[in-house]
Amino acid sequence: MSLFIETLVGGLLAGVMYSLVAIGFVLVFKASGVFNFAQGSMVLCAALTFVTLRDKEIPFWLAAVITLAIMVAIAILIERVVLRPLVNRPQITLFMATLGLSFVIEGLAQIAMGASVHELDLGIIDTPVKFGDVQVSQFDLVAAGTAAVLVAALSIFFSRTRTGIALRAIADDPQAALSIGIRLQSLWQIVWGVAGFVSLVAGLLWGARQGVQFALTLVVLKALPVLIIGGFTSIAGAIVGGLIVGASDSLAEIYLGNLLGGSVSTWFSYVLAVAFLLVRPAGLFGEAPIERI
């Protein structure tokens with residue numbers, strides 16, 4: 001029983017890491033209807049920028065602030081220069097634009113900062129913490145706490161601030177929001193800026209966990225089943241979807257791995273996502289697709 005609980009808890013905490021990446025997708029998609037495939041490259045860019053600044057002996061918090069400023073600037077530049085001219089184009093055009101952007105960001109990051117693997121130390125000692133007979137990774141606990149604080153802050157932002165309420169109005173009905181004077185494109189820039197901040201948080205945690213390398217961009221693939229299960233328009237759905245994916249992957253690896261030849265965690269969540277598509281295409285917390293201008 002302790003093995004089951006330990007595996008389940010470890011999977012849930014690992015799922016929070018996937019949720020951090022998925023939240024970036026949700027923010028952009030909910031406000032503008034754009035599936036930002038470049039989110040994985042933004043995560044890499046954030047981690048690589050931060051670790052490069054740290055290698056130059058820039059203090060931790062100053063490096064974090066500089067990296068945040070760079071990520072927000074990149075996000076706003078993407079919205080203004082690339083996506084704004086493509087308004088009213090088919091969704092597949094916008095998707096292909098973000099797909100191309102992901103390779104551009106990767107290439108520029110490699111030119112500017114190199115392709116070497118960097119170790120990122122956040123000062124978190126990854127030692128097991130015991131809760132009775134169950135051992136939990138200290139790093140996973142910190143990551144889960146960070147995600148909880150981030151989700152709480154975003155929830156307050158969207159529910160209590162004028163900007164957040166305006167963004168919700170845009171998500172519900174863009175035409176009605178425009179008719180009452182809400183400036184759509186300005187708010188899109190804010191959303192992309194927040195997505196840049198989320199990329200920084202996710203990039204630091206993922207970079208500390210597996211090293212800062214170009215394989216970080218592949219984390220976007222693991223976020224896809226999270227989005228399908230939780231829904232593309234819900235921050236809460238991103239969290240719940242991440243927990244489901246993390247827990248199911250861990251349990252499947254332990255209890256089905258020997259029966260199915262191992263490495264079940266590399267594909268099990270995608271099978272689960274397909275099952276959700278057949279039963280509930282919008283996801284657990286998703287909304288029906290809304291036409292964007």
# chains A, B, ... in the order shown; residues from 1 in each chain; ligands from 1
>>> residues_around(residues="Phe232 in chain A", least_positions_apart="2", cutoff="8 Å", atoms="only C-alpha atoms", output="CSV table (one decimal) with N, CA, C and O atoms, in the first residue's frame")
chain,number,residue,atom,x,y,z
A,25,PHE,N,-0.2,27.9,-22.2
A,25,PHE,CA,-1.0,27.6,-23.4
A,25,PHE,C,-2.4,28.2,-23.1
A,25,PHE,O,-3.0,28.8,-24.0
A,26,VAL,N,-3.0,27.9,-21.9
A,26,VAL,CA,-4.3,28.3,-21.6
A,26,VAL,C,-4.5,29.8,-21.6
A,26,VAL,O,-5.5,30.3,-22.2
A,29,PHE,N,-4.5,30.9,-25.3
A,29,PHE,CA,-5.7,30.4,-26.1
A,29,PHE,C,-7.0,31.0,-25.6
A,29,PHE,O,-7.9,31.3,-26.4
A,30,LYS,N,-7.1,31.1,-24.3
A,30,LYS,CA,-8.4,31.6,-23.7
A,30,LYS,C,-8.7,33.1,-24.2
A,30,LYS,O,-9.8,33.5,-24.4
A,227,LEU,N,-3.7,19.5,-21.6
A,227,LEU,CA,-4.7,20.4,-22.2
A,227,LEU,C,-5.9,19.7,-22.7
A,227,LEU,O,-7.0,20.2,-22.5
A,228,ILE,N,-5.7,18.6,-23.3
A,228,ILE,CA,-6.9,17.8,-23.8
A,228,ILE,C,-7.8,17.3,-22.7
A,228,ILE,O,-9.0,17.4,-22.8
A,230,GLY,N,-7.8,18.5,-19.4
A,230,GLY,CA,-8.3,19.6,-18.6
A,230,GLY,C,-9.1,20.6,-19.3
A,230,GLY,O,-10.0,21.2,-18.7
A,234,SER,N,-9.1,26.6,-19.5
A,234,SER,CA,-9.3,26.6,-18.0
A,234,SER,C,-8.0,26.5,-17.3
A,234,SER,O,-7.3,25.5,-17.5
A,237,GLY,N,-8.4,23.6,-15.1
A,237,GLY,CA,-8.3,22.4,-15.9
A,237,GLY,C,-6.9,22.0,-16.2
A,237,GLY,O,-6.5,20.8,-16.2
A,238,ALA,N,-6.0,23.0,-16.4
A,238,ALA,CA,-4.6,22.7,-16.6
A,238,ALA,C,-4.0,22.0,-15.4
A,238,ALA,O,-3.2,21.1,-15.5
A,282,ALA,N,-14.2,18.7,-25.2
A,282,ALA,CA,-13.8,20.0,-24.7
A,282,ALA,C,-13.0,19.8,-23.4
A,282,ALA,O,-12.5,20.8,-22.9
A,283,GLY,N,-12.8,18.6,-22.9
A,283,GLY,CA,-12.0,18.4,-21.7
A,283,GLY,C,-12.9,18.6,-20.5
A,283,GLY,O,-14.1,19.0,-20.5
A,286,GLY,N,-13.3,22.4,-20.0
A,286,GLY,CA,-13.2,23.2,-21.3
A,286,GLY,C,-14.5,23.8,-21.6
A,286,GLY,O,-15.6,23.4,-21.1
A,287,GLU,N,-14.5,24.8,-22.5
A,287,GLU,CA,-15.7,25.4,-23.1
A,287,GLU,C,-15.8,25.2,-24.5
A,287,GLU,O,-14.8,24.8,-25.2
>>> residues_around(residues="Arg84 in chain A", least_positions_apart="4", cutoff="12 Å", atoms="only C-alpha atoms", output="PDB file with N, CA and C atoms, in the first residue's frame")
ATOM      1  N   SER A  32      -7.130  34.743 -26.895  1.00  0.00           N
ATOM      2  CA  SER A  32      -7.019  35.066 -28.321  1.00  0.00           C
ATOM      3  C   SER A  32      -7.370  33.917 -29.258  1.00  0.00           C
ATOM      4  N   VAL A  34      -5.492  31.460 -29.955  1.00  0.00           N
ATOM      5  CA  VAL A  34      -4.276  31.011 -30.627  1.00  0.00           C
ATOM      6  C   VAL A  34      -3.636  29.892 -29.810  1.00  0.00           C
ATOM      7  N   ILE A  76       5.488  40.050 -25.897  1.00  0.00           N
ATOM      8  CA  ILE A  76       4.762  41.183 -26.469  1.00  0.00           C
ATOM      9  C   ILE A  76       5.174  41.409 -27.922  1.00  0.00           C
ATOM     10  N   LEU A  77       6.467  41.233 -28.214  1.00  0.00           N
ATOM     11  CA  LEU A  77       6.955  41.387 -29.588  1.00  0.00           C
ATOM     12  C   LEU A  77       6.319  40.349 -30.510  1.00  0.00           C
ATOM     13  N   ILE A  78       6.179  39.120 -30.025  1.00  0.00           N
ATOM     14  CA  ILE A  78       5.547  38.070 -30.829  1.00  0.00           C
ATOM     15  C   ILE A  78       4.113  38.458 -31.175  1.00  0.00           C
ATOM     16  N   GLU A  79       3.376  38.933 -30.166  1.00  0.00           N
ATOM     17  CA  GLU A  79       1.985  39.306 -30.399  1.00  0.00           C
ATOM     18  C   GLU A  79       1.875  40.466 -31.387  1.00  0.00           C
ATOM     19  N   ARG A  80       2.737  41.467 -31.218  1.00  0.00           N
ATOM     20  CA  ARG A  80       2.609  42.692 -32.012  1.00  0.00           C
ATOM     21  C   ARG A  80       3.129  42.516 -33.437  1.00  0.00           C
ATOM     22  N   ASN A  88      -7.831  37.655 -38.193  1.00  0.00           N
ATOM     23  CA  ASN A  88      -8.845  37.310 -39.202  1.00  0.00           C
ATOM     24  C   ASN A  88      -8.385  36.221 -40.164  1.00  0.00           C
ATOM     25  N   ARG A  89      -7.169  35.721 -39.960  1.00  0.00           N
ATOM     26  CA  ARG A  89      -6.729  34.590 -40.788  1.00  0.00           C
ATOM     27  C   ARG A  89      -7.232  33.279 -40.167  1.00  0.00           C
ATOM     28  N   LEU A  94      -2.493  30.773 -37.884  1.00  0.00           N
ATOM     29  CA  LEU A  94      -1.932  31.223 -36.618  1.00  0.00           C
ATOM     30  C   LEU A  94      -1.114  30.117 -35.953  1.00  0.00           C
ATOM     31  N   ALA A  97       2.121  29.785 -37.673  1.00  0.00           N
ATOM     32  CA  ALA A  97       2.995  30.912 -37.335  1.00  0.00           C
ATOM     33  C   ALA A  97       3.713  30.650 -36.013  1.00  0.00           C
ATOM     34  N   LEU A 184      -8.937  45.272 -27.412  1.00  0.00           N
ATOM     35  CA  LEU A 184      -8.605  43.863 -27.533  1.00  0.00           C
ATOM     36  C   LEU A 184      -7.102  43.628 -27.645  1.00  0.00           C
ATOM     37  N   GLN A 185      -6.449  44.342 -28.538  1.00  0.00           N
ATOM     38  CA  GLN A 185      -5.046  44.074 -28.813  1.00  0.00           C
ATOM     39  C   GLN A 185      -4.145  44.454 -27.642  1.00  0.00           C
ATOM     40  N   SER A 186      -4.492  45.508 -26.901  1.00  0.00           N
ATOM     41  CA  SER A 186      -3.707  45.872 -25.726  1.00  0.00           C
ATOM     42  C   SER A 186      -3.770  44.783 -24.669  1.00  0.00           C
ATOM     43  N   TRP A 188      -4.388  41.645 -25.277  1.00  0.00           N
ATOM     44  CA  TRP A 188      -3.636  40.497 -25.779  1.00  0.00           C
ATOM     45  C   TRP A 188      -2.161  40.606 -25.411  1.00  0.00           C
ATOM     46  N   GLN A 189      -1.616  41.814 -25.486  1.00  0.00           N
ATOM     47  CA  GLN A 189      -0.220  42.006 -25.105  1.00  0.00           C
ATOM     48  C   GLN A 189       0.003  41.670 -23.639  1.00  0.00           C
ATOM     49  N   TRP A 192       0.043  37.874 -23.323  1.00  0.00           N
ATOM     50  CA  TRP A 192       1.299  37.318 -23.800  1.00  0.00           C
ATOM     51  C   TRP A 192       2.433  37.630 -22.827  1.00  0.00           C
ATOM     52  N   ILE A 293     -11.954  37.074 -33.603  1.00  0.00           N
ATOM     53  CA  ILE A 293     -11.900  38.022 -34.715  1.00  0.00           C
ATOM     54  C   ILE A 293     -10.510  37.985 -35.319  1.00  0.00           C
TER      55      ILE A 293
END
>>> select_by_dssp(residues="range 78-132 of chain A", states="strand (DSSP E)", output="compact mmCIF listing (two decimals) with all heavy atoms, in the first residue's frame")
# COMPACT_ATOMS: atom_id res chain seq x y z
N PRO A 128 14.73 13.24 -0.25
CA PRO A 128 13.40 12.74 0.11
C PRO A 128 12.94 13.28 1.46
O PRO A 128 13.72 13.43 2.38
CB PRO A 128 13.59 11.21 0.16
CG PRO A 128 14.87 10.95 -0.57
CD PRO A 128 15.72 12.15 -0.38
N VAL A 129 11.66 13.60 1.52
CA VAL A 129 11.03 14.02 2.78
C VAL A 129 10.05 12.92 3.18
O VAL A 129 9.21 12.51 2.37
CB VAL A 129 10.29 15.35 2.61
CG1 VAL A 129 9.60 15.74 3.91
CG2 VAL A 129 11.26 16.44 2.17
N LYS A 130 10.17 12.43 4.40
CA LYS A 130 9.35 11.31 4.85
C LYS A 130 8.07 11.80 5.52
O LYS A 130 8.10 12.68 6.38
CB LYS A 130 10.13 10.42 5.81
CG LYS A 130 11.19 9.56 5.14
CD LYS A 130 11.74 8.53 6.09
CE LYS A 130 12.72 7.60 5.39
NZ LYS A 130 13.22 6.54 6.30
N PHE A 131 6.95 11.22 5.10
CA PHE A 131 5.66 11.40 5.75
C PHE A 131 5.17 10.00 6.14
O PHE A 131 4.47 9.34 5.38
CB PHE A 131 4.66 12.09 4.82
CG PHE A 131 5.05 13.48 4.43
CD1 PHE A 131 5.77 13.70 3.25
CD2 PHE A 131 4.72 14.56 5.21
CE1 PHE A 131 6.13 14.99 2.88
CE2 PHE A 131 5.08 15.85 4.85
CZ PHE A 131 5.78 16.07 3.68
>>> closest_residue(among="A:Asp126, A:Glu6, A:Asp249, A:Glu106", to="Val271 in chain A", atoms="only C-alpha atoms")
A:Asp249
>>> closest_residue(among="A:Ala223, A:Val136, A:Ala143, A:Ile156", to="Val9 in chain A", atoms="only C-alpha atoms")
A:Val136
>>> select_by_dssp(residues="range 44-282 of chain A", states="alpha helix (DSSP H)", output="VMD selection string")
chain A and resid 44 to 55 60 to 77 91 to 113 138 to 160 162 to 172 174 to 179 184 to 210 219 to 230 235 to 255 257 to 260 268 to 279
>>> atom_distance(atom1="CA of Val220 in chain A", atom2="CA of Cys45 in chain A")
13.3 Å
>>> decode(residues="range 95-145 of chain A", atoms="N, CA and C atoms", output="compact mmCIF listing (two decimals), in the first residue's frame")
# COMPACT_ATOMS: atom_id res chain seq x y z
N PHE A 95 -1.63 28.89 -36.02
CA PHE A 95 -0.90 27.78 -35.44
C PHE A 95 0.45 27.58 -36.13
N MET A 96 0.44 27.62 -37.47
CA MET A 96 1.69 27.44 -38.21
C MET A 96 2.66 28.58 -37.92
N ALA A 97 2.12 29.78 -37.67
CA ALA A 97 3.00 30.91 -37.33
C ALA A 97 3.71 30.65 -36.01
N THR A 98 2.99 30.15 -35.00
CA THR A 98 3.63 29.86 -33.72
C THR A 98 4.57 28.67 -33.82
N LEU A 99 4.25 27.72 -34.70
CA LEU A 99 5.15 26.60 -34.92
C LEU A 99 6.47 27.08 -35.50
N GLY A 100 6.38 27.97 -36.50
CA GLY A 100 7.60 28.54 -37.06
C GLY A 100 8.36 29.37 -36.04
N LEU A 101 7.63 30.10 -35.19
CA LEU A 101 8.26 30.90 -34.15
C LEU A 101 9.07 30.04 -33.19
N SER A 102 8.58 28.84 -32.91
CA SER A 102 9.29 27.98 -31.97
C SER A 102 10.69 27.67 -32.48
N PHE A 103 10.83 27.44 -33.79
CA PHE A 103 12.15 27.15 -34.36
C PHE A 103 13.02 28.42 -34.42
N VAL A 104 12.37 29.56 -34.68
CA VAL A 104 13.12 30.82 -34.69
C VAL A 104 13.69 31.12 -33.32
N ILE A 105 12.88 30.96 -32.28
CA ILE A 105 13.33 31.23 -30.91
C ILE A 105 14.46 30.28 -30.52
N GLU A 106 14.30 29.00 -30.86
CA GLU A 106 15.36 28.02 -30.57
C GLU A 106 16.66 28.40 -31.27
N GLY A 107 16.56 28.76 -32.55
CA GLY A 107 17.75 29.10 -33.31
C GLY A 107 18.45 30.34 -32.77
N LEU A 108 17.67 31.38 -32.47
CA LEU A 108 18.26 32.60 -31.92
C LEU A 108 18.88 32.35 -30.55
N ALA A 109 18.22 31.53 -29.74
CA ALA A 109 18.77 31.21 -28.42
C ALA A 109 20.09 30.46 -28.54
N GLN A 110 20.15 29.55 -29.51
CA GLN A 110 21.39 28.79 -29.72
C GLN A 110 22.51 29.69 -30.21
N ILE A 111 22.19 30.63 -31.11
CA ILE A 111 23.21 31.56 -31.62
C ILE A 111 23.72 32.46 -30.49
N ALA A 112 22.80 32.95 -29.67
CA ALA A 112 23.17 33.92 -28.63
C ALA A 112 23.83 33.28 -27.42
N MET A 113 23.39 32.07 -27.06
CA MET A 113 23.84 31.49 -25.79
C MET A 113 24.45 30.11 -25.91
N GLY A 114 24.55 29.58 -27.12
CA GLY A 114 25.19 28.29 -27.29
C GLY A 114 24.24 27.13 -27.06
N ALA A 115 24.72 25.94 -27.40
CA ALA A 115 23.89 24.74 -27.32
C ALA A 115 24.34 23.77 -26.24
N SER A 116 25.25 24.20 -25.38
CA SER A 116 25.74 23.32 -24.33
C SER A 116 24.67 23.09 -23.26
N VAL A 117 24.79 21.96 -22.59
CA VAL A 117 23.89 21.66 -21.48
C VAL A 117 24.40 22.38 -20.24
N HIS A 118 23.51 23.11 -19.56
CA HIS A 118 23.88 23.87 -18.38
C HIS A 118 23.19 23.29 -17.16
N GLU A 119 23.90 23.29 -16.05
CA GLU A 119 23.28 22.90 -14.79
C GLU A 119 22.68 24.15 -14.14
N LEU A 120 21.45 24.04 -13.69
CA LEU A 120 20.76 25.17 -13.08
C LEU A 120 20.49 24.83 -11.62
N ASP A 121 21.08 25.60 -10.73
CA ASP A 121 20.93 25.37 -9.30
C ASP A 121 20.04 26.46 -8.71
N LEU A 122 18.87 26.06 -8.22
CA LEU A 122 17.96 27.01 -7.58
C LEU A 122 18.08 26.99 -6.06
N GLY A 123 19.04 26.23 -5.57
CA GLY A 123 19.22 26.15 -4.13
C GLY A 123 18.24 25.22 -3.45
N ILE A 124 17.55 24.40 -4.23
CA ILE A 124 16.60 23.44 -3.66
C ILE A 124 17.28 22.08 -3.56
N ILE A 125 17.45 21.58 -2.36
CA ILE A 125 18.09 20.28 -2.16
C ILE A 125 17.06 19.19 -2.44
N ASP A 126 17.34 18.38 -3.45
CA ASP A 126 16.38 17.35 -3.86
C ASP A 126 16.59 16.08 -3.04
N THR A 127 16.22 16.14 -1.78
CA THR A 127 16.32 14.98 -0.89
C THR A 127 14.91 14.53 -0.52
N PRO A 128 14.73 13.24 -0.25
CA PRO A 128 13.40 12.74 0.11
C PRO A 128 12.94 13.28 1.46
N VAL A 129 11.66 13.60 1.52
CA VAL A 129 11.03 14.02 2.78
C VAL A 129 10.05 12.92 3.18
N LYS A 130 10.17 12.43 4.40
CA LYS A 130 9.35 11.31 4.85
C LYS A 130 8.07 11.80 5.52
N PHE A 131 6.95 11.22 5.10
CA PHE A 131 5.66 11.40 5.75
C PHE A 131 5.17 10.00 6.14
N GLY A 132 5.57 9.56 7.31
CA GLY A 132 5.28 8.19 7.70
C GLY A 132 6.12 7.24 6.88
N ASP A 133 5.47 6.34 6.17
CA ASP A 133 6.19 5.37 5.32
C ASP A 133 6.37 5.88 3.90
N VAL A 134 5.86 7.07 3.61
CA VAL A 134 5.90 7.62 2.25
C VAL A 134 7.02 8.64 2.13
N GLN A 135 7.82 8.50 1.08
CA GLN A 135 8.89 9.46 0.80
C GLN A 135 8.50 10.31 -0.41
N VAL A 136 8.69 11.62 -0.26
CA VAL A 136 8.32 12.56 -1.32
C VAL A 136 9.53 13.43 -1.61
N SER A 137 9.75 13.71 -2.90
CA SER A 137 10.86 14.57 -3.31
C SER A 137 10.65 15.99 -2.80
N GLN A 138 11.66 16.54 -2.17
CA GLN A 138 11.58 17.92 -1.69
C GLN A 138 11.44 18.89 -2.84
N PHE A 139 12.13 18.61 -3.94
CA PHE A 139 12.03 19.48 -5.11
C PHE A 139 10.60 19.49 -5.64
N ASP A 140 9.96 18.32 -5.70
CA ASP A 140 8.58 18.26 -6.18
C ASP A 140 7.63 19.03 -5.27
N LEU A 141 7.89 18.99 -3.97
CA LEU A 141 7.06 19.75 -3.03
C LEU A 141 7.19 21.25 -3.28
N VAL A 142 8.42 21.71 -3.50
CA VAL A 142 8.64 23.14 -3.77
C VAL A 142 7.96 23.52 -5.09
N ALA A 143 8.09 22.67 -6.11
CA ALA A 143 7.47 22.95 -7.40
C ALA A 143 5.95 23.02 -7.27
N ALA A 144 5.38 22.10 -6.49
CA ALA A 144 3.94 22.11 -6.29
C ALA A 144 3.50 23.36 -5.54
N GLY A 145 4.27 23.76 -4.54
CA GLY A 145 3.95 24.99 -3.81
C GLY A 145 4.03 26.21 -4.71
